[in-house]
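Read through the structure below, which is laid out as structure tokens, and then see the notes.
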Amino acid sequence: MSQRIDVIKARGKRPSEEFNPGKLKQSIIAACLSLRAPEGQAEEIAQAVEKGVLAWCEGKSEITSDDIRRVGAAILQKHHTEAAYLYKQQLTVL
Amino acid sequence: MDLALISSFAIIVFSGLIHASFQLSVSVLTLLSGHSLGRKTAHRKVMRLMNSFITGVLVLTLLLISAFAYYMTVFIRHSATTEQLVAAIVCGLLAGLGLATWAFYYRKGEGTALWLPRNMARYLSSRTKATKNSAEAFGLGAASVVAELVFVLAPMLAAALAIVTLPGVWWQIGGIITYTVISLTSLLAVFVLVGGGHRISRLQAWREKNKRFLQFVGGGSLLILAAYIFVDRLIGISLYGAF
């Protein structure tokens, strides 16, 4: 990732911040681990999702947090269906 | 057991079940277990956090129902007219809340997001994520009862009304314990399921799939309880007198 990508959070209601792929990776790992997936598998899946989202970000200077969740969940779906469901649901449980 | 005693306990048990059907504490407990497992927390510690959360809910529920029962005792003071007035207010609250539950308990869209101020939801969500020890989990449990108070106030008041008409202190203490324990059944179910190794995603999927049914049952039960209290505590008192 060469150029800076800004993330618009909560539809602009919260200040935007620079895209941090590490944060995305941690969320994916947490979603996998909360389903008792082995750590190694969670790490591998998170790397694949991070790579996929970074590829999707190519050429974009601004994305939204909803985009990251949507694209991340779609990639995660191919690797771990239940983790993808949980990752998508995280913001709509409460 | 006479019929008045059975009727009071029926109200307490039914109110407790309605309280248990409300989903905010269940959502917070589901999130708490998910975040804890996602942080590679040991199973035993996850269970300890969940246990502390449920204890927090238990303590605040116990305090609230005891306080409501106490204030109702002071307010009613064995006067049939005052009891009728309180019963009428409780009936109105139950019916209004029943209709409100049918109309907007869940937010539109995917998930199980509830109709509560978004700031409150965000606060509970961030606190859930930050909870790492038993004291924080206890506080979170208590906070979730406060956040849910707008929904559980009416069934709590209905139970308190039934508790104050029980004959004697020990019956009243029994009524308070019965209500509190029954109101915790949904949380205890989540505790047992997570403890037994069930996946949180399956739990959440079940909740999402059945959310409209739970909403219908919750709202309908409030209306049924309103109708029962109307007949038992308003018309009943008018016809037969108090106590």
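Identifiers for the structure tokens are assigned positionally: chains receive A, B, ... in sequence, residues are indexed from 1 per chain, and ligands are indexed from 1 in the order shown.
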Inset, instruction - Determine which residues of chain A receive a DSSP assignment of strand (DSSP E), computed from the backbone, and state them as a VMD selection string. - result: chain A and resid 6 to 9 14 to 18 62 to 64
Pull N, CA, C and O atoms from the residues just selected and write them as a CSV table (one decimal), in the first residue's frame.
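Result written to out-v4.csv:
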chain,number,residue,atom,x,y,z
A,6,ASP,N,-7.9,7.2,3.4
A,6,ASP,CA,-8.6,7.6,4.6
A,6,ASP,C,-9.9,6.8,4.8
A,6,ASP,O,-10.5,6.5,3.8
A,7,VAL,N,-10.2,6.5,6.0
A,7,VAL,CA,-11.4,5.7,6.3
A,7,VAL,C,-12.4,6.7,6.9
A,7,VAL,O,-12.2,7.3,8.0
A,8,ILE,N,-13.6,6.8,6.3
A,8,ILE,CA,-14.7,7.6,6.8
A,8,ILE,C,-15.5,6.8,7.7
A,8,ILE,O,-16.0,5.7,7.3
A,9,LYS,N,-15.5,7.2,9.0
A,9,LYS,CA,-16.2,6.3,10.0
A,9,LYS,C,-17.6,6.8,10.4
A,9,LYS,O,-17.9,8.0,10.4
A,14,ARG,N,-18.1,10.4,12.8
A,14,ARG,CA,-16.9,10.4,13.6
A,14,ARG,C,-15.7,10.8,12.8
A,14,ARG,O,-15.8,10.6,11.5
A,15,PRO,N,-14.7,11.4,13.3
A,15,PRO,CA,-13.5,11.8,12.5
A,15,PRO,C,-12.9,10.7,11.7
A,15,PRO,O,-12.8,9.6,12.3
A,16,SER,N,-12.5,11.0,10.5
A,16,SER,CA,-11.9,9.9,9.7
A,16,SER,C,-10.5,9.7,10.1
A,16,SER,O,-9.9,10.5,10.8
A,17,GLU,N,-10.0,8.5,9.8
A,17,GLU,CA,-8.6,8.2,10.2
A,17,GLU,C,-7.9,7.4,9.1
A,17,GLU,O,-8.6,6.8,8.2
A,18,GLU,N,-6.6,7.2,9.1
A,18,GLU,CA,-5.9,6.5,8.1
A,18,GLU,C,-6.2,5.0,8.2
A,18,GLU,O,-6.3,4.5,9.3
A,62,GLU,N,-10.1,7.2,-0.5
A,62,GLU,CA,-11.1,7.3,0.6
A,62,GLU,C,-12.0,6.1,0.6
A,62,GLU,O,-12.5,5.8,-0.5
A,63,ILE,N,-12.2,5.5,1.7
A,63,ILE,CA,-13.1,4.4,1.8
A,63,ILE,C,-13.9,4.6,3.1
A,63,ILE,O,-13.5,5.4,3.9
A,64,THR,N,-15.0,3.8,3.2
A,64,THR,CA,-15.8,4.0,4.5
A,64,THR,C,-15.6,2.7,5.4
A,64,THR,O,-15.2,1.6,4.8
Legend entry - Contacts of range 37-49 of chain A at 12 Å (only C-alpha atoms; same-chain gap of 4+ positions) as number ranges by chain: A: 21-33, 53-56, 68-84, 87; B: 37-40, 199
Inset, instruction - Give the residues of chain A that lie within 6 Å of chain B; count only C-alpha atoms, and format the answer as a VMD selection string. - result: chain A and resid 30 33 to 35 86 89 92 to 94
Just the residues within 12 Å of Val146 in chain B, please, counting only C-alpha atoms, with nothing from its chain fewer than 2 positions along; format it as a PDB file with all heavy atoms, in the first residue's frame.
ATOM      1  N   LEU B  24     -31.652  -7.159  25.861  1.00  0.00           N
ATOM      2  CA  LEU B  24     -30.445  -6.324  25.944  1.00  0.00           C
ATOM      3  C   LEU B  24     -29.314  -7.016  26.715  1.00  0.00           C
ATOM      4  O   LEU B  24     -28.181  -7.099  26.231  1.00  0.00           O
ATOM      5  CB  LEU B  24     -30.772  -4.961  26.563  1.00  0.00           C
ATOM      6  CG  LEU B  24     -29.581  -4.021  26.700  1.00  0.00           C
ATOM      7  CD1 LEU B  24     -28.991  -3.677  25.342  1.00  0.00           C
ATOM      8  CD2 LEU B  24     -29.953  -2.754  27.424  1.00  0.00           C
ATOM      9  N   SER B  25     -29.627  -7.518  27.894  1.00  0.00           N
ATOM     10  CA  SER B  25     -28.585  -8.179  28.702  1.00  0.00           C
ATOM     11  C   SER B  25     -28.039  -9.407  27.980  1.00  0.00           C
ATOM     12  O   SER B  25     -26.836  -9.684  28.048  1.00  0.00           O
ATOM     13  CB  SER B  25     -29.144  -8.608  30.057  1.00  0.00           C
ATOM     14  OG  SER B  25     -29.559  -7.488  30.773  1.00  0.00           O
ATOM     15  N   GLY B  56     -23.898  -9.213  38.507  1.00  0.00           N
ATOM     16  CA  GLY B  56     -24.216  -7.774  38.439  1.00  0.00           C
ATOM     17  C   GLY B  56     -25.676  -7.548  38.093  1.00  0.00           C
ATOM     18  O   GLY B  56     -26.362  -6.714  38.698  1.00  0.00           O
ATOM     19  N   VAL B  57     -26.168  -8.320  37.117  1.00  0.00           N
ATOM     20  CA  VAL B  57     -27.583  -8.209  36.722  1.00  0.00           C
ATOM     21  C   VAL B  57     -28.464  -8.633  37.898  1.00  0.00           C
ATOM     22  O   VAL B  57     -29.445  -7.956  38.226  1.00  0.00           O
ATOM     23  CB  VAL B  57     -27.873  -9.103  35.478  1.00  0.00           C
ATOM     24  CG1 VAL B  57     -29.355  -9.113  35.159  1.00  0.00           C
ATOM     25  CG2 VAL B  57     -27.081  -8.617  34.267  1.00  0.00           C
ATOM     26  N   VAL B  59     -27.829  -8.657  41.180  1.00  0.00           N
ATOM     27  CA  VAL B  59     -27.821  -7.720  42.320  1.00  0.00           C
ATOM     28  C   VAL B  59     -28.698  -6.496  42.020  1.00  0.00           C
ATOM     29  O   VAL B  59     -29.530  -6.107  42.846  1.00  0.00           O
ATOM     30  CB  VAL B  59     -26.370  -7.311  42.672  1.00  0.00           C
ATOM     31  CG1 VAL B  59     -26.349  -6.139  43.640  1.00  0.00           C
ATOM     32  CG2 VAL B  59     -25.618  -8.486  43.271  1.00  0.00           C
ATOM     33  N   LEU B  60     -28.534  -5.930  40.812  1.00  0.00           N
ATOM     34  CA  LEU B  60     -29.322  -4.725  40.524  1.00  0.00           C
ATOM     35  C   LEU B  60     -30.812  -5.047  40.376  1.00  0.00           C
ATOM     36  O   LEU B  60     -31.664  -4.264  40.812  1.00  0.00           O
ATOM     37  CB  LEU B  60     -28.789  -3.994  39.286  1.00  0.00           C
ATOM     38  CG  LEU B  60     -29.163  -2.527  39.332  1.00  0.00           C
ATOM     39  CD1 LEU B  60     -28.427  -1.800  40.435  1.00  0.00           C
ATOM     40  CD2 LEU B  60     -28.906  -1.836  38.020  1.00  0.00           C
ATOM     41  N   THR B  61     -31.121  -6.187  39.765  1.00  0.00           N
ATOM     42  CA  THR B  61     -32.534  -6.582  39.640  1.00  0.00           C
ATOM     43  C   THR B  61     -33.147  -6.763  41.039  1.00  0.00           C
ATOM     44  O   THR B  61     -34.253  -6.282  41.305  1.00  0.00           O
ATOM     45  CB  THR B  61     -32.660  -7.891  38.825  1.00  0.00           C
ATOM     46  OG1 THR B  61     -31.990  -7.726  37.590  1.00  0.00           O
ATOM     47  CG2 THR B  61     -34.103  -8.249  38.564  1.00  0.00           C
ATOM     48  N   LEU B  63     -32.141  -5.415  43.851  1.00  0.00           N
ATOM     49  CA  LEU B  63     -32.271  -4.108  44.519  1.00  0.00           C
ATOM     50  C   LEU B  63     -33.471  -3.341  43.978  1.00  0.00           C
ATOM     51  O   LEU B  63     -34.244  -2.747  44.734  1.00  0.00           O
ATOM     52  CB  LEU B  63     -30.995  -3.279  44.311  1.00  0.00           C
ATOM     53  CG  LEU B  63     -29.776  -3.694  45.131  1.00  0.00           C
ATOM     54  CD1 LEU B  63     -28.558  -2.897  44.721  1.00  0.00           C
ATOM     55  CD2 LEU B  63     -30.044  -3.503  46.618  1.00  0.00           C
ATOM     56  N   LEU B  64     -33.629  -3.354  42.637  1.00  0.00           N
ATOM     57  CA  LEU B  64     -34.728  -2.592  42.030  1.00  0.00           C
ATOM     58  C   LEU B  64     -36.084  -3.151  42.424  1.00  0.00           C
ATOM     59  O   LEU B  64     -36.978  -2.397  42.822  1.00  0.00           O
ATOM     60  CB  LEU B  64     -34.579  -2.586  40.501  1.00  0.00           C
ATOM     61  CG  LEU B  64     -33.539  -1.625  39.931  1.00  0.00           C
ATOM     62  CD1 LEU B  64     -33.334  -1.878  38.448  1.00  0.00           C
ATOM     63  CD2 LEU B  64     -33.969  -0.173  40.137  1.00  0.00           C
ATOM     64  N   LEU B 116     -32.734   1.389  21.348  1.00  0.00           N
ATOM     65  CA  LEU B 116     -32.247   2.129  22.513  1.00  0.00           C
ATOM     66  C   LEU B 116     -31.317   3.206  21.980  1.00  0.00           C
ATOM     67  O   LEU B 116     -30.785   3.060  20.870  1.00  0.00           O
ATOM     68  CB  LEU B 116     -31.576   1.220  23.545  1.00  0.00           C
ATOM     69  CG  LEU B 116     -30.159   0.738  23.390  1.00  0.00           C
ATOM     70  CD1 LEU B 116     -29.613   0.401  24.784  1.00  0.00           C
ATOM     71  CD2 LEU B 116     -30.099  -0.514  22.583  1.00  0.00           C
ATOM     72  N   MET B 120     -25.995   5.127  23.959  1.00  0.00           N
ATOM     73  CA  MET B 120     -26.000   4.107  25.004  1.00  0.00           C
ATOM     74  C   MET B 120     -25.494   2.774  24.443  1.00  0.00           C
ATOM     75  O   MET B 120     -24.681   2.084  25.073  1.00  0.00           O
ATOM     76  CB  MET B 120     -27.424   3.960  25.553  1.00  0.00           C
ATOM     77  CG  MET B 120     -27.633   2.879  26.573  1.00  0.00           C
ATOM     78  SD  MET B 120     -26.884   3.239  28.147  1.00  0.00           S
ATOM     79  CE  MET B 120     -28.229   4.062  28.971  1.00  0.00           C
ATOM     80  N   LEU B 124     -22.211   0.816  25.724  1.00  0.00           N
ATOM     81  CA  LEU B 124     -22.224  -0.566  26.216  1.00  0.00           C
ATOM     82  C   LEU B 124     -21.303  -1.445  25.378  1.00  0.00           C
ATOM     83  O   LEU B 124     -20.580  -2.292  25.904  1.00  0.00           O
ATOM     84  CB  LEU B 124     -23.650  -1.131  26.174  1.00  0.00           C
ATOM     85  CG  LEU B 124     -24.588  -0.702  27.288  1.00  0.00           C
ATOM     86  CD1 LEU B 124     -25.984  -1.252  27.040  1.00  0.00           C
ATOM     87  CD2 LEU B 124     -24.097  -1.174  28.649  1.00  0.00           C
ATOM     88  N   GLY B 139     -19.959  -4.601  36.893  1.00  0.00           N
ATOM     89  CA  GLY B 139     -20.472  -3.256  36.597  1.00  0.00           C
ATOM     90  C   GLY B 139     -21.227  -3.223  35.274  1.00  0.00           C
ATOM     91  O   GLY B 139     -22.268  -2.567  35.155  1.00  0.00           O
ATOM     92  N   LEU B 140     -20.719  -3.956  34.301  1.00  0.00           N
ATOM     93  CA  LEU B 140     -21.380  -4.011  32.991  1.00  0.00           C
ATOM     94  C   LEU B 140     -22.760  -4.652  33.110  1.00  0.00           C
ATOM     95  O   LEU B 140     -23.730  -4.186  32.490  1.00  0.00           O
ATOM     96  CB  LEU B 140     -20.497  -4.806  32.012  1.00  0.00           C
ATOM     97  CG  LEU B 140     -20.944  -4.846  30.565  1.00  0.00           C
ATOM     98  CD1 LEU B 140     -20.836  -3.468  29.907  1.00  0.00           C
ATOM     99  CD2 LEU B 140     -20.112  -5.845  29.763  1.00  0.00           C
ATOM    100  N   GLY B 141     -22.850  -5.694  33.930  1.00  0.00           N
ATOM    101  CA  GLY B 141     -24.142  -6.349  34.161  1.00  0.00           C
ATOM    102  C   GLY B 141     -25.142  -5.374  34.769  1.00  0.00           C
ATOM    103  O   GLY B 141     -26.287  -5.278  34.318  1.00  0.00           O
ATOM    104  N   ALA B 142     -24.664  -4.626  35.773  1.00  0.00           N
ATOM    105  CA  ALA B 142     -25.540  -3.640  36.414  1.00  0.00           C
ATOM    106  C   ALA B 142     -25.945  -2.548  35.415  1.00  0.00           C
ATOM    107  O   ALA B 142     -27.113  -2.150  35.353  1.00  0.00           O
ATOM    108  CB  ALA B 142     -24.822  -3.027  37.614  1.00  0.00           C
ATOM    109  N   ALA B 143     -24.990  -2.098  34.590  1.00  0.00           N
ATOM    110  CA  ALA B 143     -25.279  -1.042  33.598  1.00  0.00           C
ATOM    111  C   ALA B 143     -26.292  -1.530  32.568  1.00  0.00           C
ATOM    112  O   ALA B 143     -27.149  -0.754  32.109  1.00  0.00           O
ATOM    113  CB  ALA B 143     -23.992  -0.614  32.906  1.00  0.00           C
ATOM    114  N   SER B 144     -26.219  -2.800  32.208  1.00  0.00           N
ATOM    115  CA  SER B 144     -27.158  -3.299  31.191  1.00  0.00           C
ATOM    116  C   SER B 144     -28.590  -3.345  31.752  1.00  0.00           C
ATOM    117  O   SER B 144     -29.542  -3.155  31.003  1.00  0.00           O
ATOM    118  CB  SER B 144     -26.709  -4.658  30.651  1.00  0.00           C
ATOM    119  OG  SER B 144     -26.997  -5.667  31.556  1.00  0.00           O
ATOM    120  N   GLU B 148     -31.749  -1.258  30.187  1.00  0.00           N
ATOM    121  CA  GLU B 148     -32.954  -2.004  29.804  1.00  0.00           C
ATOM    122  C   GLU B 148     -34.181  -1.568  30.599  1.00  0.00           C
ATOM    123  O   GLU B 148     -35.289  -2.034  30.331  1.00  0.00           O
ATOM    124  CB  GLU B 148     -32.687  -3.496  30.060  1.00  0.00           C
ATOM    125  CG  GLU B 148     -33.506  -4.438  29.229  1.00  0.00           C
ATOM    126  CD  GLU B 148     -32.958  -5.853  29.295  1.00  0.00           C
ATOM    127  OE1 GLU B 148     -32.383  -6.240  30.321  1.00  0.00           O
ATOM    128  OE2 GLU B 148     -33.119  -6.563  28.314  1.00  0.00           O
ATOM    129  N   LEU B 149     -33.961  -0.668  31.561  1.00  0.00           N
ATOM    130  CA  LEU B 149     -35.023  -0.305  32.498  1.00  0.00           C
ATOM    131  C   LEU B 149     -36.294   0.206  31.805  1.00  0.00           C
ATOM    132  O   LEU B 149     -37.404  -0.069  32.261  1.00  0.00           O
ATOM    133  CB  LEU B 149     -34.503   0.743  33.487  1.00  0.00           C
ATOM    134  CG  LEU B 149     -35.219   0.835  34.825  1.00  0.00           C
ATOM    135  CD1 LEU B 149     -35.290  -0.515  35.513  1.00  0.00           C
ATOM    136  CD2 LEU B 149     -34.539   1.835  35.732  1.00  0.00           C
ATOM    137  N   VAL B 150     -36.110   0.904  30.692  1.00  0.00           N
ATOM    138  CA  VAL B 150     -37.279   1.433  29.979  1.00  0.00           C
ATOM    139  C   VAL B 150     -38.217   0.300  29.560  1.00  0.00           C
ATOM    140  O   VAL B 150     -39.430   0.465  29.522  1.00  0.00           O
ATOM    141  CB  VAL B 150     -36.832   2.316  28.785  1.00  0.00           C
ATOM    142  CG1 VAL B 150     -36.114   1.532  27.713  1.00  0.00           C
ATOM    143  CG2 VAL B 150     -38.016   3.044  28.173  1.00  0.00           C
ATOM    144  N   PHE B 151     -37.668  -0.880  29.282  1.00  0.00           N
ATOM    145  CA  PHE B 151     -38.502  -2.014  28.878  1.00  0.00           C
ATOM    146  C   PHE B 151     -38.964  -2.848  30.076  1.00  0.00           C
ATOM    147  O   PHE B 151     -40.068  -3.375  30.067  1.00  0.00           O
ATOM    148  CB  PHE B 151     -37.737  -2.920  27.904  1.00  0.00           C
ATOM    149  CG  PHE B 151     -37.496  -2.279  26.565  1.00  0.00           C
ATOM    150  CD1 PHE B 151     -36.221  -1.931  26.165  1.00  0.00           C
ATOM    151  CD2 PHE B 151     -38.554  -2.026  25.699  1.00  0.00           C
ATOM    152  CE1 PHE B 151     -36.003  -1.333  24.934  1.00  0.00           C
ATOM    153  CE2 PHE B 151     -38.341  -1.435  24.471  1.00  0.00           C
ATOM    154  CZ  PHE B 151     -37.060  -1.084  24.086  1.00  0.00           C
ATOM    155  N   VAL B 152     -38.096  -2.990  31.080  1.00  0.00           N
ATOM    156  CA  VAL B 152     -38.440  -3.919  32.176  1.00  0.00           C
ATOM    157  C   VAL B 152     -39.154  -3.241  33.349  1.00  0.00           C
ATOM    158  O   VAL B 152     -39.566  -3.916  34.287  1.00  0.00           O
ATOM    159  CB  VAL B 152     -37.198  -4.700  32.691  1.00  0.00           C
ATOM    160  CG1 VAL B 152     -36.605  -5.569  31.597  1.00  0.00           C
ATOM    161  CG2 VAL B 152     -36.152  -3.785  33.275  1.00  0.00           C
ATOM    162  N   LEU B 153     -39.306  -1.917  33.248  1.00  0.00           N
ATOM    163  CA  LEU B 153     -39.947  -1.190  34.349  1.00  0.00           C
ATOM    164  C   LEU B 153     -41.372  -1.700  34.616  1.00  0.00           C
ATOM    165  O   LEU B 153     -41.740  -1.970  35.774  1.00  0.00           O
ATOM    166  CB  LEU B 153     -39.966   0.311  34.034  1.00  0.00           C
ATOM    167  CG  LEU B 153     -40.585   1.203  35.105  1.00  0.00           C
ATOM    168  CD1 LEU B 153     -39.705   1.239  36.343  1.00  0.00           C
ATOM    169  CD2 LEU B 153     -40.784   2.622  34.591  1.00  0.00           C
TER     170      LEU B 153
END
